[in-house]
Every structure is written in structure tokens, then in C-alpha cells.
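Below is one structure; the comments refer to it alone.
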Amino acid sequence: MGEASVKALETGTDVSSSPVTDDDAARPDRQRTLLTRLRAPRQPRIWFEILLIAVSYWTYSLIRNAVPEQKSIALANADWLWHVEHVLGIAVEKTVNHAVNSVTWLIVGMNYYYATLHFVVTLGVLAWIYRCHPGRYAATRLVLFATTGVALVGYYFFPLAPPRLMDGEGFIDTVLVHHTWGSMASGNLKNMSNQYAAMPSMHIGWSLWCGLTVYAVAAAPWARILGLLYPTATLVVIVATANHFWLDAAGGMLCLAFGYAVSRTWYGGLPHRLPRHPVHTGPHPATAALLNRFRTSRG
């Protein structure tokens, strides 16, 4: 005991404390390495992506439609938002709605645009990035998923009726008037979708995601121009069909900004700044861990 006390005094250390081992010193490095491997873009797997997109959209639709359809609150919020737009001097949605509705072929085309391109173009851009820019795919997909996820918060805390459902304001429900197959929020399909989830507009959130993705990654000038025109046309369509206010579009843009922030934080850069082809082509660490656990349990 005396010898130990002398050694403690000489070294200025507490002999009762546990010595630092090499494993302890290396643990932070291993943790940083694992985090780096988790964040590294990898070659996407088609079966996994199809399953992930299908499950994610089903979950999104389930949650969105499970949000209480608070009609009175949603209509009151619509009146308030309409008043705010009047104060800001941007309340021209009804003028656009009536003007476009007077041209039958144009408004019918917009009805079908609203009902179809929202999904077709988004899936097309995802497939294009998957095929031609696999190193940027995961980060680009994360932007879309984070944007859509945060939109659910808006649907829950701020139920909002679209202009076409407002009482006494004179907006035209163009799907009903022209008997076109169209939005799930109008006509015979209205019971399949939450009528009061207009804020934020994911038609704008998704279309702007498509447009910015194409503009940032495409090499052909015509493709980049089309990328910018698509969300612009979508903005006109959602207003002309009386499905959204201008400020709903602003909400969609804010959700997209959040999506980009999440992706940049995780991957350390915006999607278009990442390598076109992934450096790591092996299995994802999480997938490898699950496979190893499965093999161990079978063995």
C-alpha cells in the first residue's frame, strides 16, 4: 500500500482510476467512421427504392387523410388567409380562376394537368436521377421525403379550405363544372382525400423540387429551361383551378427549403454538388448489420 501511495504521489495520478486502453481511445474514431459510412452515398437498389417509395406514399396518404377534417376551422382559416392576401395586394386568385375558366379547352387541360403531372413528373425525375446520377440520388430523394414529411405538420396544425370550397366568394370548382376526371379533392373522388389540407401546397413543393433538380443537374439548356417552366406552370394551374391560394404555394416553398436543409445537413452538401457516381458500392452499413444478425440467428 505504501509503495502504491508513493507511485501515486510521484505520478500525480489516482491509482484507483481505470487506465485508458487503446480500445477506449479508438472508440470515437470508430464512431466517426461509422457515421461517415452511413452518410456516404451508395449505389441505390431498384427493388428497395420501389418498396420505399410505395410504402412512404401510402404512409403519407394515410396520415394526411387521417388528419381531422375540421370544416369550420378550415373555412375560418381560408377567410383569414384571403383577408391577408387582400391586405398584401395579391388576392387575384378569383380573377385568374374566372378568366381561365372562360376558355374551356385551357381549363380542361389544366384539370388533367393538376390530376396527373404531380405524380408522373415527380416519379420521372426520381427515375432519371436514379439512372443517370446514382451518387446524387439518395440526397435528392431525402429532400423530397423531408419536404413531404414536414408538410404533414402544416396539414395538422393549420387545416385550410381551398378557394373553391369557400362560402360566398364566387370561386369556380373547375372539375365539377366541366365534368373532367381530375383531382381527388373534387367530384366523385372527394371522399378519398382530405378536403381541408391545402396548406402547404405539395403541388408546388414537388414541382419546384423537380424543376430545381433538373435545372441543377441537366446539361442540355432546353431541359434546364423546362425545369424552371414546370413549377411556374404548376403555380398558374393550382390557382386557376381554385385549389390553392398564392400563400399555399409559399408554404410549399418553405417546406422545400426545409427539405434541402435536412439533406445538406446529413450529406454535407447540396445534392447536385455530390459526386455523380457513388464512391461506395458495397451494402449500406445498416443493411449489412441486419444481414449479419439474420445469418447469426439462423446459425
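Chain lettering (A, B, ...) mirrors the order of the C-alpha cells, residue numbering begins at 1 for each chain separately, and ligand numbering begins at 1 in order of display.
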
Can you tell me which residues surround His118 in chain A at a distance of at most 8 Å, considering only C-alpha atoms, apart from same-chain residues fewer than 5 positions away, and format the answer as a PyMOL selection string?
chain A and resi 113+203+206-207

Per residue of range 158-267 of chain A within 8 Å of range 135-154 of chain A, note the shortest atom pair and the distance in Å to one decimal, counting only C-alpha atoms, and order the rows by chain and increasing residue number, as CSV.
residue,atom,partner,partner_atom,distance
A:Phe158,CA,A:Gly154,CA,5.4
A:Pro159,CA,A:Gly154,CA,7.5
A:Met199,CA,A:Gly154,CA,6.2
A:Pro200,CA,A:Ala151,CA,6.1
A:Met202,CA,A:Thr148,CA,7.2
A:Gly205,CA,A:Thr147,CA,7.2
A:Trp206,CA,A:Leu144,CA,7.1
A:Trp209,CA,A:Leu144,CA,7.0
A:Thr213,CA,A:Thr140,CA,7.8
A:Gly252,CA,A:Ala151,CA,7.6
A:Cys255,CA,A:Thr147,CA,5.0
A:Leu256,CA,A:Thr147,CA,5.0
A:Ala257,CA,A:Thr147,CA,7.8
A:Phe258,CA,A:Thr147,CA,6.4
A:Gly259,CA,A:Val143,CA,4.3
A:Tyr260,CA,A:Val143,CA,5.2
A:Val262,CA,A:Ala146,CA,7.0
A:Ser263,CA,A:Val143,CA,5.6
A:Arg264,CA,A:Ala139,CA,7.9
A:Tyr267,CA,A:Ala139,CA,6.8

Tell me, as JSON, numbers by chain, which residues lie within 9 Å of Ala240 in chain A, counting only C-alpha atoms; anything in the same chain fewer than 6 positions away does not count.
{"A": [93, 94, 95, 96, 97, 98, 99, 100, 101, 107, 110, 174]}

Could you state the separation of CA of Leu88 in chain A and CA of Ala250 in chain A in Å, given to one decimal place?
13.6 Å

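Between CA of Gln43 in chain A and CA of Val279 in chain A the separation is 8.5 Å.
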
Given only C-alpha atoms as the counted atoms, nearest of A:Asn243, A:Leu117, A:Pro134, A:Ile46 to Tyr230 in chain A
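Closest candidate: A:Leu117.
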
In Å to one decimal, how far is CA of Val125 in chain A from CA of Gly268 in chain A?
22.4 Å

Closest to Ser201 in chain A among A:Val177, A:Leu254, A:Ala66, A:Leu52, using only C-alpha atoms?
A:Leu254

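Proximity ranking of A:Trp266, A:Tyr155, A:Trp80, A:Phe245 relative to Val92 in chain A places A:Phe245 first, based on only C-alpha atoms.
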